[in-house]
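Heads up, the thing below is written out as structure tokens.
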Amino acid sequence: MSQPTIESILQEKRQFEPSPEFSQAARIGSLEAYEELYRKAAQDPAAFWAELAEQELYWFKKWDQVLDWQPPFAKWFVGGKTNISYNCLDRHLTTWRRNKAALIWEGEPGDSRTLTYAQLHREVCQIANVLKDLGVKKGDRVGIYMPMVPEAAIAMLACARIGAPHTVIFGGFSAEALKDRLQDAEAKLVITADGGFRKDKVVSLKPAVDQALADNAVPSVENVLVVQRTKAAIEMVSGRDHWWHELQAGASADCPAEEMDSEDMLFILYTSGTTGKPKGVVHTTAGYNLYTHMTYQWTFDAKDTDVYWCTADVGWITGHSYIVYGPLSNGATSLMYEGVPRPSNPGCFWDVIEKYGVNIFYTAPTAIRAFIKMGEEIPNSRDLSSLRILGTVGEPINPEAWMWYHRVIGGGRCPIVDTWWQTETGGFMITPLPGAIPTKPGSATKPFPGILADVVDLEGNSVGANEGGYLVVRHPWPSMMRTVYGNDERYRRTYWEHIPPQNGQYLYFAGDGARKDEDGYFWVMGRVDDVISVSGHRLGTMEIESALVSHPAVAEAAVVGRPDDLKGEEVFAFVTLEGHFEPSDDLKTELKQHVVNEIGAIARPGEIRFAEALPKTRSGKIIRRFLRNLASGESVAGDASTMEDQSVLEKLRQGS
Ligand code: 7RM
């Protein structure tokens, strides 16, 4: 029931049409309307985006040039001046939305808070002034390491307001991982909290910041701003650390939004790739604003009365684009929840939907699979009738999980938008528009207007219907990443040269395998590189391997994903030891904990297997294909003749 196989989805023939009532009330209400939009956009993408940019965003100054494309480097709305914090806040204040709920927050131990647009604006302005008082200037990077509290969104918007790019680091990352990212970004200030509540426990955050900054490891950081959430006893370093609430209390609520160039950096977000170090994905101001605005509006068929809930953490791109920027730019009501489903509270999601009358619910397949296990009596006993659209993201959804979601959560009446996209793409790339595109369980359906997606071979030629290939995009789009922070070459290599450009035609290589069926529907099959997905969290196998070999006992490590019913994939590590270390269960436990310390709990190996040697080619490359087979208990497939030492496989099979 974990990852879909080609065979299983090739047989998937079910199709679900939106109801006539739904389509009638929808922004894009028929397949013809979608196709017309798509055609118009594909003919002249720049003109299409320019028209929307004019209609949908506020500009201090209009752009001179819509698109400047010097492959693989794109600039959108060149010469324009705008500010995403202004578009998310200020422009709503002169409308009836002034007193509309912008953020509804449900905290873990039962506390909750609602911030109207006027209230959110006020707090953002205050914190923006606090940042300025602490010496943060336009262009300075600010690290944000927070639990799921409104202050996380406030911090992001405050940074955007003064033009200080933020880099949000997921609160589940360890001090080591935090340090790496703060160093790479050369952050000037860090915003954190004493801790947060996670799965019935208080988790600490500030001590990890202290540890990351110890011994002046990140010399660029001058100040730390600390939100009081758990009231746990923490150390405050005098002169460096400041309480958020204390500084906020003395701060003016008057802080005009900085006039940003369209291409000024809005944020860096680190994500895993094939090689060791995470990449700092760079997004800029105007294009990202426009694209997350439009994709939120059309994909979730935004109505002003909606309560919208995305269950992601703000530490991931989904939280950036679809908890904070996309919804708020549209003047929506965005719900933020601190909790996660767990055995002690298996109904918590449905309670939140019932309590707030959530209309649009956006979550991940891994969560849906966990709910299936817990039984449908739990959601069946809650009132979920407010729901009108369901969404899914993060990994391929297997048709069974899709059907369960549709039937049990959606009551058979809610369109499911299966949104394929990435940290790098900024916003939804392939997704149904719910009033227009009939859905098929397991398919993300069709590209968003303006997105020239395709499935190709390694030469960049489109493959035929139902043939597997690589998912690519043939034309730049407004929210595409601009570069890898500080590393243009890595950007070029990773995304634009994997499939060599031909006659100056560059293809964006997403790293996913896919096929297109006879109706032009996309079926995303998963990563084709060494990136694995554990509970929808993206992890590079190299990162985990580096963490393992940094332990004195480990000589060599190879990490693969093992299919898992609940998590999609689980981390499975093969490890060879340094001569004087003996395999033992204690050592396994120690190594697992070591990975947690180096990266964070999301990367904890589910299993470690000690080996005398790893299977390698004659040129010394680890043959992961074999290890994947071994990890999933399958027989080793394919040709083992390139292997240097044939006895290695046999020993691995018998290994403990
Ligand atoms: C938004 C996000 C990106 C990777 C991507 C895919 C996988 C995401 C879907 C999906 C199939 C989907 N950003 N992925 N959404 N696969 N169907 N609807 O997840 O940067 O963290 O990950 O996630 O492999 O390349 S991410």
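Every chain in the structure tokens takes a letter, A first, then B, and so on in the order presented; its residues are numbered from 1, and the ligands are numbered from 1 following the presented order.
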Give me the residues near Pro615 (chain A) as an mmCIF file with C-alpha atoms, in the first residue's frame, where near means some atom within 7 Å (using only C-alpha atoms) and where sequence neighbours in that chain fewer than 6 positions away do not count.
data_model
loop_
_atom_site.group_PDB
_atom_site.id
_atom_site.type_symbol
_atom_site.label_atom_id
_atom_site.label_comp_id
_atom_site.auth_asym_id
_atom_site.auth_seq_id
_atom_site.Cartn_x
_atom_site.Cartn_y
_atom_site.Cartn_z
ATOM 1 C CA ILE A 622 28.114 1.585 -4.413
ATOM 2 C CA ILE A 623 25.398 -0.347 -6.253
ATOM 3 C CA MET A 643 30.261 -6.177 -9.172
ATOM 4 C CA VAL A 648 29.675 -9.478 -0.873
ATOM 5 C CA LEU A 649 26.022 -9.878 -1.788
#
Residues of region 6-88 of chain A that have any atom at most 10 Å from an atom of region 325-335 of chain A: could you tabulate them with the shortest-distance atom pair and the distance in Å to one decimal, using only C-alpha atoms, ordered by chain and increasing number, as JSON lines?
{"residue": "A:Glu56", "atom": "CA", "partner": "A:Asn330", "partner_atom": "CA", "distance": 8.7}
{"residue": "A:Leu57", "atom": "CA", "partner": "A:Ser329", "partner_atom": "CA", "distance": 8.3}
{"residue": "A:Ile84", "atom": "CA", "partner": "A:Ser329", "partner_atom": "CA", "distance": 7.6}
{"residue": "A:Ser85", "atom": "CA", "partner": "A:Ser329", "partner_atom": "CA", "distance": 8.3}
{"residue": "A:Tyr86", "atom": "CA", "partner": "A:Ser329", "partner_atom": "CA", "distance": 8.6}
{"residue": "A:Asn87", "atom": "CA", "partner": "A:Ser329", "partner_atom": "CA", "distance": 5.4}
{"residue": "A:Cys88", "atom": "CA", "partner": "A:Ser329", "partner_atom": "CA", "distance": 4.0}
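If you measure from each of A:Leu52, A:Lys277, A:Ser635, A:Gln654 to Val66 (chain A) using only C-alpha atoms, the closest one turns out to be A:Leu52.
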To check your reading of the model: which residues sit at most 7 Å from ligand 1 when counting only C-alpha atoms and all ligand atoms? Write the answer as a compact mmCIF listing (two decimals) with N, CA and C atoms, in the first residue's frame.
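pocket28.txt written:
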# COMPACT_ATOMS: atom_id res chain seq x y z
N THR A 271 16.99 22.52 0.98
CA THR A 271 16.33 21.27 0.63
C THR A 271 17.37 20.24 0.23
N TRP A 316 8.67 24.03 5.88
CA TRP A 316 8.77 23.47 4.53
C TRP A 316 8.18 24.45 3.53
N ILE A 317 8.45 24.21 2.26
CA ILE A 317 7.95 25.12 1.22
C ILE A 317 6.42 25.17 1.25
N THR A 318 5.78 24.04 1.56
CA THR A 318 4.32 24.03 1.57
C THR A 318 3.78 25.03 2.58
N THR A 392 -3.80 17.17 -1.58
CA THR A 392 -2.71 16.30 -1.14
C THR A 392 -1.41 16.73 -1.80
N VAL A 393 -0.31 16.50 -1.10
CA VAL A 393 1.01 16.93 -1.58
C VAL A 393 2.13 16.16 -0.88
N GLY A 394 3.26 16.06 -1.54
CA GLY A 394 4.46 15.59 -0.88
C GLY A 394 5.02 14.32 -1.47
N GLU A 395 4.15 13.46 -1.97
CA GLU A 395 4.60 12.22 -2.57
C GLU A 395 3.44 11.66 -3.38
N PRO A 396 3.72 10.67 -4.21
CA PRO A 396 2.61 10.09 -4.97
C PRO A 396 1.58 9.51 -4.00
N ILE A 397 0.32 9.69 -4.31
CA ILE A 397 -0.72 9.10 -3.46
C ILE A 397 -1.23 7.84 -4.15
N ASP A 418 -4.59 16.93 -6.22
CA ASP A 418 -3.29 16.28 -5.98
C ASP A 418 -2.26 17.18 -6.64
N THR A 419 -1.54 17.93 -5.80
CA THR A 419 -0.69 19.01 -6.31
C THR A 419 0.77 18.55 -6.38
N TRP A 420 1.29 18.44 -7.58
CA TRP A 420 2.71 18.11 -7.73
C TRP A 420 3.52 19.40 -7.86
N TRP A 421 4.51 19.52 -6.99
CA TRP A 421 5.42 20.67 -7.06
C TRP A 421 6.58 20.42 -6.13
N GLN A 422 7.47 21.39 -6.00
CA GLN A 422 8.72 21.20 -5.25
C GLN A 422 9.15 22.51 -4.59
N THR A 423 10.06 22.38 -3.64
CA THR A 423 10.68 23.57 -3.05
C THR A 423 11.17 24.49 -4.17
N GLU A 424 11.75 23.89 -5.17
CA GLU A 424 12.37 24.63 -6.27
C GLU A 424 11.34 25.35 -7.14
N ALA A 444 -1.83 13.63 -10.66
CA ALA A 444 -1.88 15.07 -10.37
C ALA A 444 -2.56 15.82 -11.53
N ALA A 510 13.26 18.05 -12.99
CA ALA A 510 12.68 18.06 -11.65
C ALA A 510 13.25 16.98 -10.74
N GLY A 511 13.82 15.93 -11.35
CA GLY A 511 14.31 14.82 -10.52
C GLY A 511 13.26 13.76 -10.26
N ASP A 512 12.09 13.89 -10.89
CA ASP A 512 11.03 12.90 -10.74
C ASP A 512 10.81 12.14 -12.05
N VAL A 524 2.93 10.98 -11.54
CA VAL A 524 4.29 11.15 -11.03
C VAL A 524 4.68 9.88 -10.28
N MET A 525 5.85 9.33 -10.63
CA MET A 525 6.24 8.03 -10.07
C MET A 525 7.19 8.15 -8.88
N GLY A 526 7.77 9.31 -8.65
CA GLY A 526 8.72 9.45 -7.55
C GLY A 526 10.10 9.80 -8.07
N ARG A 527 11.03 9.97 -7.14
CA ARG A 527 12.35 10.48 -7.47
C ARG A 527 13.16 9.48 -8.29
N GLY A 536 6.79 12.02 3.77
CA GLY A 536 6.69 13.23 2.96
C GLY A 536 7.84 14.20 3.17
N HIS A 537 8.76 13.89 4.07
CA HIS A 537 9.92 14.76 4.25
C HIS A 537 11.01 14.31 3.31
N ARG A 538 11.58 15.29 2.66
CA ARG A 538 12.56 15.00 1.64
C ARG A 538 13.95 14.90 2.25
How many Å lie between CA of Asn359 (chain A) and CA of Ser386 (chain A), rounded to one decimal?
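Between these atoms lies a distance of 5.2 Å.
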